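Shown below: upload_12.pdb, with PDB, C-alpha atoms.
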ATOM      1  CA  MET S   1     -38.346 -24.978  14.910  1.00  0.00           C
ATOM      2  CA  ALA S   2     -35.892 -26.794  17.178  1.00  0.00           C
ATOM      3  CA  LYS S   3     -33.506 -29.339  15.738  1.00  0.00           C
ATOM      4  CA  ARG S   4     -34.245 -32.942  16.645  1.00  0.00           C
ATOM      5  CA  TRP S   5     -31.578 -35.594  16.822  1.00  0.00           C
ATOM      6  CA  VAL S   6     -32.149 -39.331  17.031  1.00  0.00           C
ATOM      7  CA  ILE S   7     -29.159 -41.063  18.598  1.00  0.00           C
ATOM      8  CA  LYS S   8     -28.874 -44.854  18.231  1.00  0.00           C
ATOM      9  CA  LEU S   9     -26.921 -46.510  21.019  1.00  0.00           C
ATOM     10  CA  GLY S  10     -26.156 -50.141  20.278  1.00  0.00           C
ATOM     11  CA  SER S  11     -25.124 -52.795  22.753  1.00  0.00           C
ATOM     12  CA  GLY S  12     -21.542 -52.633  21.474  1.00  0.00           C
ATOM     13  CA  LEU S  13     -21.314 -49.010  22.593  1.00  0.00           C
ATOM     14  CA  LEU S  14     -23.051 -49.585  25.926  1.00  0.00           C
ATOM     15  CA  THR S  15     -21.189 -52.687  27.084  1.00  0.00           C
ATOM     16  CA  ARG S  16     -17.651 -53.368  28.200  1.00  0.00           C
ATOM     17  CA  LYS S  17     -15.459 -56.125  26.779  1.00  0.00           C
ATOM     18  CA  ASP S  18     -16.712 -58.475  29.500  1.00  0.00           C
ATOM     19  CA  GLY S  19     -20.307 -57.962  28.286  1.00  0.00           C
ATOM     20  CA  LYS S  20     -21.444 -55.934  31.297  1.00  0.00           C
ATOM     21  CA  VAL S  21     -23.133 -52.556  30.953  1.00  0.00           C
ATOM     22  CA  ASP S  22     -20.585 -49.732  30.810  1.00  0.00           C
ATOM     23  CA  ARG S  23     -21.923 -47.348  33.436  1.00  0.00           C
ATOM     24  CA  VAL S  24     -19.132 -44.829  32.791  1.00  0.00           C
ATOM     25  CA  GLN S  25     -20.017 -44.735  29.097  1.00  0.00           C
ATOM     26  CA  ILE S  26     -23.682 -44.107  29.896  1.00  0.00           C
ATOM     27  CA  GLY S  27     -22.546 -41.216  32.093  1.00  0.00           C
ATOM     28  CA  ARG S  28     -20.532 -39.743  29.217  1.00  0.00           C
ATOM     29  CA  ILE S  29     -23.516 -40.102  26.900  1.00  0.00           C
ATOM     30  CA  ALA S  30     -25.765 -38.318  29.415  1.00  0.00           C
ATOM     31  CA  ASP S  31     -23.221 -35.488  29.632  1.00  0.00           C
ATOM     32  CA  GLN S  32     -23.182 -35.128  25.839  1.00  0.00           C
ATOM     33  CA  VAL S  33     -26.978 -35.246  25.562  1.00  0.00           C
ATOM     34  CA  ALA S  34     -27.252 -32.553  28.249  1.00  0.00           C
ATOM     35  CA  GLN S  35     -24.858 -30.346  26.267  1.00  0.00           C
ATOM     36  CA  LEU S  36     -26.944 -30.805  23.115  1.00  0.00           C
ATOM     37  CA  MET S  37     -30.122 -29.946  24.977  1.00  0.00           C
ATOM     38  CA  LYS S  38     -28.521 -26.755  26.346  1.00  0.00           C
ATOM     39  CA  LYS S  39     -28.096 -25.767  22.686  1.00  0.00           C
ATOM     40  CA  ASP S  40     -31.854 -26.267  22.150  1.00  0.00           C
ATOM     41  CA  ILE S  41     -31.395 -29.548  20.296  1.00  0.00           C
ATOM     42  CA  GLN S  42     -34.159 -32.032  21.100  1.00  0.00           C
ATOM     43  CA  VAL S  43     -32.750 -35.529  21.598  1.00  0.00           C
ATOM     44  CA  VAL S  44     -34.367 -38.947  21.250  1.00  0.00           C
ATOM     45  CA  ILE S  45     -32.270 -41.953  22.255  1.00  0.00           C
ATOM     46  CA  VAL S  46     -32.872 -45.327  20.613  1.00  0.00           C
ATOM     47  CA  THR S  47     -31.123 -47.745  22.925  1.00  0.00           C
ATOM     48  CA  SER S  48     -30.139 -51.362  23.125  1.00  0.00           C
ATOM     49  CA  GLY S  49     -28.552 -53.020  26.120  1.00  0.00           C
ATOM     50  CA  ALA S  50     -31.451 -54.484  28.120  1.00  0.00           C
ATOM     51  CA  VAL S  51     -30.298 -58.063  27.518  1.00  0.00           C
ATOM     52  CA  ALA S  52     -26.722 -57.216  28.558  1.00  0.00           C
ATOM     53  CA  ALA S  53     -27.970 -55.430  31.680  1.00  0.00           C
ATOM     54  CA  GLY S  54     -30.149 -58.438  32.506  1.00  0.00           C
ATOM     55  CA  MET S  55     -27.269 -60.854  32.018  1.00  0.00           C
ATOM     56  CA  THR S  56     -25.241 -58.810  34.506  1.00  0.00           C
ATOM     57  CA  ALA S  57     -28.081 -58.693  37.043  1.00  0.00           C
ATOM     58  CA  MET S  58     -28.740 -62.425  36.639  1.00  0.00           C
ATOM     59  CA  GLY S  59     -25.052 -63.321  36.986  1.00  0.00           C
ATOM     60  CA  LEU S  60     -24.771 -64.880  33.515  1.00  0.00           C
ATOM     61  CA  ASP S  61     -21.356 -65.037  31.851  1.00  0.00           C
ATOM     62  CA  LYS S  62     -22.563 -66.077  28.394  1.00  0.00           C
ATOM     63  CA  ARG S  63     -25.343 -64.658  26.259  1.00  0.00           C
ATOM     64  CA  PRO S  64     -28.234 -67.153  26.212  1.00  0.00           C
ATOM     65  CA  LYS S  65     -29.250 -68.676  22.888  1.00  0.00           C
ATOM     66  CA  GLU S  66     -32.867 -69.522  23.711  1.00  0.00           C
ATOM     67  CA  ALA S  67     -35.433 -66.818  22.912  1.00  0.00           C
ATOM     68  CA  ARG S  68     -37.201 -67.154  26.283  1.00  0.00           C
ATOM     69  CA  GLU S  69     -33.926 -66.763  28.171  1.00  0.00           C
ATOM     70  CA  LEU S  70     -33.107 -63.637  26.152  1.00  0.00           C
ATOM     71  CA  GLN S  71     -36.579 -62.279  26.906  1.00  0.00           C
ATOM     72  CA  ALA S  72     -36.054 -62.974  30.606  1.00  0.00           C
ATOM     73  CA  CYS S  73     -32.717 -61.142  30.502  1.00  0.00           C
ATOM     74  CA  ALA S  74     -34.365 -58.178  28.770  1.00  0.00           C
ATOM     75  CA  THR S  75     -37.191 -58.150  31.317  1.00  0.00           C
ATOM     76  CA  VAL S  76     -34.721 -58.020  34.208  1.00  0.00           C
ATOM     77  CA  GLY S  77     -32.315 -55.708  32.401  1.00  0.00           C
ATOM     78  CA  GLN S  78     -34.649 -52.998  31.084  1.00  0.00           C
ATOM     79  CA  PRO S  79     -35.319 -51.404  34.496  1.00  0.00           C
ATOM     80  CA  GLU S  80     -31.623 -51.731  35.356  1.00  0.00           C
ATOM     81  CA  LEU S  81     -30.674 -49.945  32.137  1.00  0.00           C
ATOM     82  CA  MET S  82     -33.252 -47.189  32.665  1.00  0.00           C
ATOM     83  CA  SER S  83     -32.076 -46.745  36.248  1.00  0.00           C
ATOM     84  CA  GLU S  84     -28.552 -46.156  34.976  1.00  0.00           C
ATOM     85  CA  TYR S  85     -29.714 -43.634  32.382  1.00  0.00           C
ATOM     86  CA  GLY S  86     -31.882 -41.952  35.020  1.00  0.00           C
ATOM     87  CA  LYS S  87     -29.057 -41.623  37.528  1.00  0.00           C
ATOM     88  CA  HIS S  88     -26.848 -39.859  34.996  1.00  0.00           C
ATOM     89  CA  PHE S  89     -29.570 -37.638  33.529  1.00  0.00           C
ATOM     90  CA  ARG S  90     -30.629 -36.487  37.012  1.00  0.00           C
ATOM     91  CA  ARG S  91     -27.150 -34.951  37.450  1.00  0.00           C
ATOM     92  CA  HIS S  92     -28.207 -32.540  34.691  1.00  0.00           C
ATOM     93  CA  LYS S  93     -31.753 -32.033  36.038  1.00  0.00           C
ATOM     94  CA  LEU S  94     -33.112 -34.132  33.165  1.00  0.00           C
ATOM     95  CA  LEU S  95     -35.414 -37.145  33.286  1.00  0.00           C
ATOM     96  CA  GLY S  96     -35.317 -40.169  31.028  1.00  0.00           C
ATOM     97  CA  ALA S  97     -38.695 -41.101  29.537  1.00  0.00           C
ATOM     98  CA  GLN S  98     -38.964 -44.784  28.629  1.00  0.00           C
ATOM     99  CA  MET S  99     -40.898 -45.864  25.539  1.00  0.00           C
ATOM    100  CA  LEU S 100     -40.956 -49.605  24.800  1.00  0.00           C
ATOM    101  CA  LEU S 101     -42.212 -50.478  21.333  1.00  0.00           C
ATOM    102  CA  THR S 102     -42.655 -53.509  19.132  1.00  0.00           C
ATOM    103  CA  TYR S 103     -42.972 -53.790  15.384  1.00  0.00           C
ATOM    104  CA  TRP S 104     -46.691 -54.347  15.884  1.00  0.00           C
ATOM    105  CA  ASP S 105     -47.019 -51.061  17.755  1.00  0.00           C
ATOM    106  CA  LEU S 106     -45.471 -49.204  14.836  1.00  0.00           C
ATOM    107  CA  ASP S 107     -47.605 -51.110  12.352  1.00  0.00           C
ATOM    108  CA  SER S 108     -50.759 -49.775  14.024  1.00  0.00           C
ATOM    109  CA  ARG S 109     -51.889 -46.282  13.011  1.00  0.00           C
ATOM    110  CA  ALA S 110     -53.413 -45.622  16.415  1.00  0.00           C
ATOM    111  CA  CYS S 111     -50.290 -46.723  18.296  1.00  0.00           C
ATOM    112  CA  THR S 112     -48.050 -44.771  15.929  1.00  0.00           C
ATOM    113  CA  ARG S 113     -50.172 -41.647  16.377  1.00  0.00           C
ATOM    114  CA  ASN S 114     -50.101 -42.028  20.176  1.00  0.00           C
ATOM    115  CA  ALA S 115     -46.343 -42.640  20.247  1.00  0.00           C
ATOM    116  CA  ARG S 116     -45.725 -39.609  18.027  1.00  0.00           C
ATOM    117  CA  ALA S 117     -47.922 -37.387  20.202  1.00  0.00           C
ATOM    118  CA  THR S 118     -46.137 -38.561  23.346  1.00  0.00           C
ATOM    119  CA  LEU S 119     -42.714 -37.925  21.805  1.00  0.00           C
ATOM    120  CA  ASP S 120     -43.738 -34.466  20.631  1.00  0.00           C
ATOM    121  CA  LEU S 121     -45.054 -33.550  24.066  1.00  0.00           C
ATOM    122  CA  LEU S 122     -41.942 -34.788  25.862  1.00  0.00           C
ATOM    123  CA  LEU S 123     -39.586 -33.046  23.452  1.00  0.00           C
ATOM    124  CA  THR S 124     -41.314 -29.687  23.774  1.00  0.00           C
ATOM    125  CA  ARG S 125     -41.071 -29.779  27.577  1.00  0.00           C
ATOM    126  CA  LYS S 126     -37.242 -29.515  27.404  1.00  0.00           C
ATOM    127  CA  ARG S 127     -36.320 -31.573  30.454  1.00  0.00           C
ATOM    128  CA  PHE S 128     -37.207 -35.041  29.248  1.00  0.00           C
ATOM    129  CA  VAL S 129     -35.079 -37.381  27.177  1.00  0.00           C
ATOM    130  CA  PRO S 130     -37.215 -39.977  25.378  1.00  0.00           C
ATOM    131  CA  ILE S 131     -35.418 -43.329  25.492  1.00  0.00           C
ATOM    132  CA  ILE S 132     -36.866 -45.844  23.049  1.00  0.00           C
ATOM    133  CA  ASN S 133     -36.120 -49.544  23.157  1.00  0.00           C
ATOM    134  CA  GLU S 134     -37.731 -52.558  21.603  1.00  0.00           C
ATOM    135  CA  ASN S 135     -39.993 -54.370  24.035  1.00  0.00           C
ATOM    136  CA  ASP S 136     -37.866 -57.521  23.987  1.00  0.00           C
ATOM    137  CA  ALA S 137     -39.944 -59.135  26.730  1.00  0.00           C
ATOM    138  CA  ILE S 138     -42.779 -59.724  24.260  1.00  0.00           C
ATOM    139  CA  ALA S 139     -41.082 -59.409  20.864  1.00  0.00           C
ATOM    140  CA  ASP S 140     -40.933 -62.681  18.966  1.00  0.00           C
ATOM    141  CA  GLY S 141     -37.192 -62.485  18.303  1.00  0.00           C
ATOM    142  CA  GLY S 142     -37.542 -63.159  14.581  1.00  0.00           C
ATOM    143  CA  GLY S 143     -36.701 -60.513  11.988  1.00  0.00           C
ATOM    144  CA  ARG S 144     -34.958 -58.318  14.532  1.00  0.00           C
ATOM    145  CA  LEU S 145     -32.928 -56.358  11.986  1.00  0.00           C
ATOM    146  CA  ALA S 146     -36.007 -55.602   9.913  1.00  0.00           C
ATOM    147  CA  ARG S 147     -37.818 -54.266  12.983  1.00  0.00           C
ATOM    148  CA  HIS S 148     -34.882 -52.039  13.857  1.00  0.00           C
ATOM    149  CA  SER S 149     -34.756 -50.669  10.305  1.00  0.00           C
ATOM    150  CA  PHE S 150     -38.503 -50.061  10.412  1.00  0.00           C
ATOM    151  CA  ARG S 151     -38.196 -48.265  13.730  1.00  0.00           C
ATOM    152  CA  HIS S 152     -35.490 -45.980  12.346  1.00  0.00           C
ATOM    153  CA  ARG S 153     -37.574 -45.178   9.265  1.00  0.00           C
ATOM    154  CA  TRP S 154     -40.528 -44.398  11.508  1.00  0.00           C
ATOM    155  CA  LEU S 155     -38.417 -42.132  13.693  1.00  0.00           C
ATOM    156  CA  ASP S 156     -36.909 -40.378  10.678  1.00  0.00           C
ATOM    157  CA  ASP S 157     -40.424 -39.685   9.401  1.00  0.00           C
ATOM    158  CA  GLN S 158     -41.809 -38.594  12.759  1.00  0.00           C
ATOM    159  CA  VAL S 159     -38.957 -36.879  14.578  1.00  0.00           C
TER     160      VAL S 159
END
Before anything else, please render the file you have as structure tokens.
Amino acid sequence: MAKRWVIKLGSGLLTRKDGKVDRVQIGRIADQVAQLMKKDIQVVIVTSGAVAAGMTAMGLDKRPKEARELQACATVGQPELMSEYGKHFRRHKLLGAQMLLTYWDLDSRACTRNARATLDLLLTRKRFVPIINENDAIADGGGRLARHSFRHRWLDDQV
């Protein structure tokens, strides 16, 4: 059975001091993930950074405080972030596979079963890197830390 690694990439790791997404860092991460996969290690990335990417795209200098503004930043930033991951993974003939989840998705047996099956399928195909992020566009913003802890427990149990 292949080893499976879950790698958590927080906003602090993915952003520069000025708060913008660190594209060079994402490139280094893609290089390291590709090396792991060459050693037959299956990798799942749990990422943050959509809000920061959205702030950059929207030309904002300060992180918004209002939940709706943060959701708007995440909505704009998520495709930007995935595009950056995709660009760097393509250099290694790998494809990023986006999975956006909420606490409610993981609280549902059917959704959990479907997510697990999708992850398993992607990981066995050897050229896909599942990239999981919270669906901040619809998440309520409350209890964020608890949701992240729950997500990690779920991944530890499933992956």
Go through stretch 30-130 of chain S and flag each residue having an atom no more than 7 Å from stretch 17-24 of chain S; for those, report the closest pair of atoms plus their distance in Å to one decimal, using all atoms listed in the file, ordered by chain and rising number, as JSON lines.
{"residue": "S:Ala52", "atom": "CA", "partner": "S:Lys20", "partner_atom": "CA", "distance": 6.1}
{"residue": "S:Ala53", "atom": "CA", "partner": "S:Val21", "partner_atom": "CA", "distance": 5.7}
{"residue": "S:Thr56", "atom": "CA", "partner": "S:Lys20", "partner_atom": "CA", "distance": 5.7}
{"residue": "S:Glu84", "atom": "CA", "partner": "S:Arg23", "partner_atom": "CA", "distance": 6.9}
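The residue that comes closest to S:His88, out of S:Gln42, S:Thr112, S:Ser11, S:Gln25 and on the basis of all atoms listed in the file, is S:Gln25.
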* Please write as an MDAnalysis selection string the full residue list that the PyMOL selection byres ((chain S and resi 26-38) around 10) yields on this file. => chainID S and resid 3:5 7 9 13:15 21:25 39:45 81 84:94 96 126:129
* Do you have the atom CA of S:Val51-atom CA of S:Asp107 distance handy? -> 24.0 Å
Explicit residues for the PyMOL selection byres ((chain S and resi 68) around 12) (as an mmCIF file with C-alpha atoms, keeping the file's coordinate frame):
data_model
loop_
_atom_site.group_PDB
_atom_site.id
_atom_site.type_symbol
_atom_site.label_atom_id
_atom_site.label_comp_id
_atom_site.auth_asym_id
_atom_site.auth_seq_id
_atom_site.Cartn_x
_atom_site.Cartn_y
_atom_site.Cartn_z
ATOM 1 C CA VAL S 51 -30.298 -58.063 27.518
ATOM 2 C CA PRO S 64 -28.234 -67.153 26.212
ATOM 3 C CA LYS S 65 -29.250 -68.676 22.888
ATOM 4 C CA GLU S 66 -32.867 -69.522 23.711
ATOM 5 C CA ALA S 67 -35.433 -66.818 22.912
ATOM 6 C CA GLU S 69 -33.926 -66.763 28.171
ATOM 7 C CA LEU S 70 -33.107 -63.637 26.152
ATOM 8 C CA GLN S 71 -36.579 -62.279 26.906
ATOM 9 C CA ALA S 72 -36.054 -62.974 30.606
ATOM 10 C CA CYS S 73 -32.717 -61.142 30.502
ATOM 11 C CA ALA S 74 -34.365 -58.178 28.770
ATOM 12 C CA THR S 75 -37.191 -58.150 31.317
ATOM 13 C CA ASP S 136 -37.866 -57.521 23.987
ATOM 14 C CA ALA S 137 -39.944 -59.135 26.730
ATOM 15 C CA ILE S 138 -42.779 -59.724 24.260
ATOM 16 C CA ALA S 139 -41.082 -59.409 20.864
ATOM 17 C CA ASP S 140 -40.933 -62.681 18.966
ATOM 18 C CA GLY S 141 -37.192 -62.485 18.303
#
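If you look at atom CA of S:Ile132 and atom CA of S:Gly12, they are 16.8 Å away from each other.
The coordinates place atom CA of S:Thr47 at 6.1 Å from atom CA of S:Gly10.
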* **Minimum-distance residue to S:Thr102, chosen among S:Ala2, S:Gly49, S:Ala115, S:Lys8 (using all atoms listed in the file)** => S:Ala115
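Proximity ranking of S:Asp61, S:Ala97, S:Ala50, S:Gly77 relative to S:Leu123 places S:Ala97 first, based on only C-alpha atoms.
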